[in-house]
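In what follows, a structure is listed as structure tokens, so that the remarks can point back to it.
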Amino acid sequence: MPRFGLGVYQSTGKSGMAAIKHALSVGYRHIDTAALYSNEAEVGQAVRECGIARDQVFVTTKLWNADQGYDSTLKAGALSLKKLGLDKIDLYLIHWPEPGKRRDSWRALIELRERGVTRSIGVSNYTVAHLKELLAQSKVKPSVNQVEFNPFLYQRDLLSFCNDHGIALVAYCPLARAQKLKDARLRKIAESCRKTPAQVMLRWGLQRGVGVIPKSVHPQRIEENAALFDFTISEIGRAHV
């Protein structure tokens with residue numbers, strides 16, 4: 001799984017498809033969608049038409065709460081694959097730890113993996129308590145836990161637990177919903193790195209071993225968000241280019 005990707009929440013229709021194709025053209029290789037986003041068809045079409053070999057593009061989608069439960073999860077997974085129009089889903093996640101249903105949903109995800117519908121399975125929005133419950137109930141551990149995570153929502157205990165158990169942490173809203181881009185400390189670090197505040201926030205996640213999936217439909221912002229691999233952030237906020 002590429003640790004950097006494009007989130008496509010609210011990216012629908014022609015503009016959404018154009019954003020995905022542009023992202024793929026400038027080097028993105030991970031696209032993150034969900035049944036809830038109502039754009040799995042656009043994601044699949046963009047992947048098929050982008051001119052990049054299928055095995056070079058990693059596609060994540062998610063099971064929505066209303067479809068949780070064993071039988072309904074099996075149907076929902078098959079439907080997501082049909083909408084995507086791809087050979088397989090690369091990573092299929094339980095979107096939220098739905099009370100009373102998440103155990104059966106997880107059993108169904110294991111079955112979907114065995115059937116070849118998806119290559120890998122994981123969860124989203126799981127706390128340490130939810131992960132402990134899952135690990136106690138199943139011999140199959142999730143490959144990924146996708147949660148809101150950024151410098152202003154630094155879930156240290158969750159990251160530590162995931163690292164200890166071989167679960168990759170992926171951050172959605174890695175830019176804190178663009179609400180902290182004017183933070184004085186962040187701007188000072190960005191100036192020292194000669195990068196933008198957004199780039200610093202994304203790089204911060206990558207340096208902690210966390211995947212980041214910022215979302216945007218604007219070509220310039222998509223390109224800006226990807227310019228993360230020519231600098232590092234030291235403990236005191238200085239760059240080593």
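Here's how to read the names in the structure tokens: chain A, B, ... by the order shown, residue numbers from 1 in each chain, ligand numbers from 1 in the order shown.
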Skip A:Arg48 itself and residues of its chain fewer than 3 positions away, then list as a list in words all residues within 10 Å of it, counting only C-alpha atoms.
-> Lys21, Glu42, Val43, Gly44, Gln45, Gly51, Ile52, Ala53, Arg54, Val57, Leu84, Gly85 and Leu86 of chain A
Could you write out that same residue set with all heavy atoms as a compact mmCIF listing (two decimals), in the first residue's frame?
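Saved file part.txt follows:
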# COMPACT_ATOMS: atom_id res chain seq x y z
N LYS A 21 -7.74 11.47 -12.19
CA LYS A 21 -6.83 11.25 -13.33
C LYS A 21 -5.62 12.16 -13.23
O LYS A 21 -4.49 11.74 -13.54
CB LYS A 21 -7.57 11.48 -14.65
CG LYS A 21 -8.57 10.39 -15.00
CD LYS A 21 -9.21 10.65 -16.36
CE LYS A 21 -10.13 9.53 -16.78
NZ LYS A 21 -10.74 9.76 -18.10
N GLU A 42 -16.74 6.37 -10.53
CA GLU A 42 -15.79 7.34 -11.08
C GLU A 42 -14.35 6.94 -10.79
O GLU A 42 -13.48 7.06 -11.65
CB GLU A 42 -16.06 8.74 -10.51
CG GLU A 42 -17.33 9.38 -11.02
CD GLU A 42 -18.50 9.22 -10.06
OE1 GLU A 42 -18.62 8.13 -9.45
OE2 GLU A 42 -19.29 10.17 -9.92
N VAL A 43 -14.12 6.44 -9.58
CA VAL A 43 -12.77 5.99 -9.23
C VAL A 43 -12.34 4.86 -10.16
O VAL A 43 -11.24 4.88 -10.72
CB VAL A 43 -12.71 5.53 -7.76
CG1 VAL A 43 -11.39 4.80 -7.48
CG2 VAL A 43 -12.86 6.71 -6.82
N GLY A 44 -13.21 3.87 -10.31
CA GLY A 44 -12.88 2.74 -11.17
C GLY A 44 -12.63 3.14 -12.60
O GLY A 44 -11.67 2.67 -13.24
N GLN A 45 -13.47 4.03 -13.13
CA GLN A 45 -13.30 4.47 -14.51
C GLN A 45 -11.98 5.23 -14.68
O GLN A 45 -11.26 5.03 -15.67
CB GLN A 45 -14.47 5.35 -14.95
CG GLN A 45 -14.40 5.76 -16.41
CD GLN A 45 -15.65 6.52 -16.87
OE1 GLN A 45 -16.68 6.52 -16.20
NE2 GLN A 45 -15.53 7.18 -18.00
N GLY A 51 -4.17 4.92 -18.05
CA GLY A 51 -2.99 4.49 -18.79
C GLY A 51 -1.90 3.90 -17.94
O GLY A 51 -0.80 3.59 -18.43
N ILE A 52 -2.18 3.72 -16.65
CA ILE A 52 -1.21 3.12 -15.73
C ILE A 52 -1.63 1.68 -15.47
O ILE A 52 -2.82 1.39 -15.31
CB ILE A 52 -1.16 3.91 -14.40
CG1 ILE A 52 -0.72 5.35 -14.68
CG2 ILE A 52 -0.22 3.25 -13.40
CD1 ILE A 52 -0.94 6.28 -13.51
N ALA A 53 -0.68 0.77 -15.42
CA ALA A 53 -0.99 -0.64 -15.20
C ALA A 53 -1.80 -0.81 -13.92
O ALA A 53 -1.51 -0.17 -12.90
CB ALA A 53 0.29 -1.45 -15.13
N ARG A 54 -2.80 -1.65 -13.97
CA ARG A 54 -3.69 -1.85 -12.82
C ARG A 54 -2.93 -2.20 -11.55
O ARG A 54 -3.26 -1.72 -10.45
CB ARG A 54 -4.71 -2.96 -13.15
CG ARG A 54 -5.54 -3.44 -11.96
CD ARG A 54 -6.48 -2.36 -11.44
NE ARG A 54 -7.17 -2.78 -10.24
CZ ARG A 54 -6.79 -2.49 -9.00
NH1 ARG A 54 -5.71 -1.75 -8.80
NH2 ARG A 54 -7.48 -2.91 -7.97
N VAL A 57 -1.72 0.72 -9.25
CA VAL A 57 -2.65 1.65 -8.59
C VAL A 57 -3.38 0.90 -7.48
O VAL A 57 -4.02 -0.13 -7.72
CB VAL A 57 -3.66 2.24 -9.59
CG1 VAL A 57 -4.59 3.23 -8.87
CG2 VAL A 57 -2.94 2.92 -10.74
N LEU A 84 -16.81 -0.36 -8.97
CA LEU A 84 -15.45 0.01 -9.34
C LEU A 84 -15.08 -0.52 -10.72
O LEU A 84 -14.31 0.11 -11.45
CB LEU A 84 -14.46 -0.53 -8.31
CG LEU A 84 -14.43 0.19 -6.95
CD1 LEU A 84 -13.71 -0.66 -5.92
CD2 LEU A 84 -13.78 1.56 -7.07
N GLY A 85 -15.62 -1.69 -11.07
CA GLY A 85 -15.31 -2.28 -12.36
C GLY A 85 -13.87 -2.73 -12.49
O GLY A 85 -13.30 -2.72 -13.59
N LEU A 86 -13.27 -3.12 -11.36
CA LEU A 86 -11.89 -3.57 -11.35
C LEU A 86 -11.82 -5.07 -11.10
O LEU A 86 -12.83 -5.71 -10.80
CB LEU A 86 -11.11 -2.81 -10.27
CG LEU A 86 -11.09 -1.28 -10.40
CD1 LEU A 86 -10.42 -0.65 -9.20
CD2 LEU A 86 -10.40 -0.84 -11.70
Could you name the residues that touch stretch 61-77 of chain A at 6 Å or less, counting only C-alpha atoms, but leaving out those on the same chain fewer than 2 positions away, as a ChimeraX atom specification?
-> /A:33-35,79-80,92-95,101,104-105,108
So that I have them on file, write out the residues from the current selection with N, CA and C atoms, as a short mmCIF file (atom, residue, chain, number, x, y, z; two decimals), in the first residue's frame.
data_model
loop_
_atom_site.label_atom_id
_atom_site.label_comp_id
_atom_site.auth_asym_id
_atom_site.auth_seq_id
_atom_site.Cartn_x
_atom_site.Cartn_y
_atom_site.Cartn_z
N THR A 33 -11.52 5.67 -1.50
CA THR A 33 -12.93 5.99 -1.63
C THR A 33 -13.74 5.21 -0.60
N ALA A 34 -15.04 5.20 -0.74
CA ALA A 34 -15.93 4.49 0.17
C ALA A 34 -17.30 4.41 -0.46
N ALA A 35 -18.08 3.42 -0.06
CA ALA A 35 -19.45 3.32 -0.55
C ALA A 35 -20.22 4.59 -0.22
N LEU A 79 -20.92 -5.55 -4.43
CA LEU A 79 -21.47 -4.40 -5.14
C LEU A 79 -20.40 -3.32 -5.34
N SER A 80 -19.59 -3.08 -4.31
CA SER A 80 -18.51 -2.09 -4.45
C SER A 80 -17.55 -2.49 -5.56
N TYR A 92 -10.22 -3.33 1.61
CA TYR A 92 -11.62 -3.11 1.97
C TYR A 92 -11.69 -2.92 3.48
N LEU A 93 -12.27 -1.80 3.90
CA LEU A 93 -12.32 -1.43 5.31
C LEU A 93 -13.74 -1.39 5.86
N ILE A 94 -13.89 -1.75 7.13
CA ILE A 94 -15.12 -1.44 7.86
C ILE A 94 -15.04 0.05 8.20
N HIS A 95 -16.00 0.83 7.73
CA HIS A 95 -15.90 2.29 7.83
C HIS A 95 -15.96 2.78 9.28
N LYS A 101 -22.70 -5.20 15.30
CA LYS A 101 -22.57 -5.73 13.94
C LYS A 101 -21.12 -5.91 13.49
N ASP A 104 -19.63 -9.57 13.05
CA ASP A 104 -20.10 -10.29 11.87
C ASP A 104 -19.58 -9.65 10.59
N SER A 105 -19.46 -8.33 10.60
CA SER A 105 -18.90 -7.65 9.43
C SER A 105 -17.46 -8.08 9.19
N ALA A 108 -17.28 -11.41 7.61
CA ALA A 108 -17.61 -11.31 6.19
C ALA A 108 -16.43 -10.76 5.38
#
Would you please work out which residue, of A:Val123, A:Ile222, A:Leu175, A:Leu36, is nearest to A:Ile20 when using only C-alpha atoms?
->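 Smallest separation from A:Ile20 among the options: A:Ile222.
Checking A:Lys195, A:Arg29, A:Arg208, A:Lys188 one by one against A:Phe149, counting only C-alpha atoms, you find the shortest gap at A:Arg208.
Compared by their closest atoms to A:Met1, and using only C-alpha atoms, the residues A:Ile189, A:Ala168, A:Cys162, A:Ala18 rank with A:Ala168 nearest.
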Give the answer as one residue: which of A:Leu81, A:Val144, A:Leu202, A:Ala226 has the shortest atom-to-atom distance to A:Ser120, using only C-alpha atoms?
->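 Between A:Leu81, A:Val144, A:Leu202, A:Ala226, the residue approaching A:Ser120 most closely is A:Val144.
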Please give the complete set of residues from stretch 19-234 of chain A that DSSP, run on the backbone, assigns to alpha helix (DSSP H), formatted as a compact mmCIF listing (two decimals) with C-alpha atoms, in the first residue's frame.
# COMPACT_ATOMS: atom_id res chain seq x y z
CA ALA A 19 -9.07 15.18 -10.19
CA ILE A 20 -8.34 11.46 -9.85
CA LYS A 21 -6.83 11.25 -13.33
CA HIS A 22 -4.69 14.32 -12.67
CA ALA A 23 -3.47 12.88 -9.39
CA LEU A 24 -2.52 9.63 -11.09
CA SER A 25 -0.75 11.53 -13.87
CA GLU A 40 -16.76 4.26 -6.66
CA ALA A 41 -17.79 4.17 -10.33
CA GLU A 42 -15.79 7.34 -11.08
CA VAL A 43 -12.77 5.99 -9.23
CA GLY A 44 -12.88 2.74 -11.17
CA GLN A 45 -13.30 4.47 -14.51
CA ALA A 46 -10.41 6.84 -13.79
CA VAL A 47 -8.15 3.91 -12.86
CA ARG A 48 -9.13 1.99 -15.99
CA GLU A 49 -8.60 4.99 -18.29
CA TYR A 70 -22.47 -10.88 7.74
CA ASP A 71 -24.74 -11.41 4.73
CA SER A 72 -25.21 -7.73 3.97
CA THR A 73 -21.44 -7.15 4.08
CA LEU A 74 -20.88 -9.91 1.54
CA LYS A 75 -23.39 -8.25 -0.77
CA ALA A 76 -21.98 -4.77 -0.18
CA GLY A 77 -18.43 -5.87 -0.94
CA ALA A 78 -19.50 -7.51 -4.19
CA LEU A 79 -21.47 -4.40 -5.14
CA SER A 80 -18.51 -2.09 -4.45
CA LEU A 81 -16.32 -4.24 -6.68
CA LYS A 82 -18.98 -4.14 -9.41
CA LYS A 83 -19.23 -0.35 -9.20
CA LEU A 84 -15.45 0.01 -9.34
CA ARG A 102 -18.83 -5.20 13.63
CA ARG A 103 -17.92 -8.77 14.61
CA ASP A 104 -20.10 -10.29 11.87
CA SER A 105 -18.90 -7.65 9.43
CA TRP A 106 -15.31 -8.63 10.12
CA ARG A 107 -16.10 -12.31 9.52
CA ALA A 108 -17.61 -11.31 6.19
CA LEU A 109 -14.52 -9.29 5.24
CA ILE A 110 -12.41 -12.38 5.86
CA GLU A 111 -14.73 -14.32 3.57
CA LEU A 112 -14.52 -11.62 0.89
CA ARG A 113 -10.75 -11.85 1.00
CA GLU A 114 -10.92 -15.64 0.67
CA ARG A 115 -13.27 -15.26 -2.30
CA VAL A 128 -7.49 0.84 20.90
CA ALA A 129 -10.46 -0.73 22.69
CA HIS A 130 -12.10 -1.67 19.39
CA LEU A 131 -8.86 -3.18 18.10
CA LYS A 132 -8.34 -5.20 21.28
CA GLU A 133 -11.87 -6.54 20.95
CA LEU A 134 -11.31 -7.54 17.32
CA LEU A 135 -7.97 -9.22 18.04
CA ALA A 136 -9.54 -11.18 20.91
CA GLN A 137 -12.36 -12.41 18.67
CA ARG A 156 0.01 8.59 20.22
CA ASP A 157 -1.44 5.62 22.10
CA LEU A 158 -3.33 4.41 19.05
CA LEU A 159 -0.27 4.75 16.82
CA SER A 160 1.84 2.87 19.35
CA PHE A 161 -0.72 0.06 19.62
CA CYS A 162 -0.95 -0.28 15.85
CA ASN A 163 2.84 -0.33 15.49
CA ASP A 164 3.13 -2.98 18.20
CA ALA A 184 2.04 30.32 14.03
CA ARG A 185 4.17 27.33 15.04
CA LEU A 186 3.31 25.49 11.85
CA ARG A 187 4.04 28.49 9.66
CA LYS A 188 7.43 28.96 11.35
CA ILE A 189 8.41 25.37 10.62
CA ALA A 190 7.15 25.70 7.05
CA GLU A 191 9.30 28.80 6.53
CA SER A 192 12.38 27.00 7.83
CA CYS A 193 11.67 24.10 5.47
CA PRO A 197 2.14 24.50 5.98
CA ALA A 198 0.15 21.77 4.24
CA GLN A 199 3.31 20.05 3.03
CA VAL A 200 4.79 20.17 6.51
CA MET A 201 1.70 18.58 8.04
CA LEU A 202 1.70 15.78 5.49
CA ARG A 203 5.43 15.19 5.87
CA TRP A 204 4.98 15.06 9.65
CA GLY A 205 2.64 12.10 9.22
CA LEU A 206 4.91 10.27 6.79
CA GLN A 207 7.90 10.64 9.13
CA PRO A 219 -4.78 20.44 -9.76
CA GLN A 220 -2.39 22.90 -8.14
CA ARG A 221 -3.23 21.68 -4.64
CA ILE A 222 -3.01 18.05 -5.72
CA GLU A 223 0.50 18.70 -7.00
CA GLU A 224 1.48 20.72 -3.92
CA ASN A 225 0.34 17.95 -1.59
CA ALA A 226 2.52 15.43 -3.42
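When only C-alpha atoms are used to measure the gap to A:Ile233, the shortest distance among A:Gly211, A:Arg194, A:His218, A:Pro2 belongs to A:Arg194.
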Please return as JSON, numbers by chain: the residues of stretch 39-181 of chain A that backbone DSSP assigns to strand (DSSP E).
-> {"A": [58, 59, 60, 61, 62, 63, 89, 90, 91, 92, 93, 94, 118, 119, 120, 121, 122, 123, 124, 144, 145, 146, 147, 148, 168, 169, 170, 171, 172]}
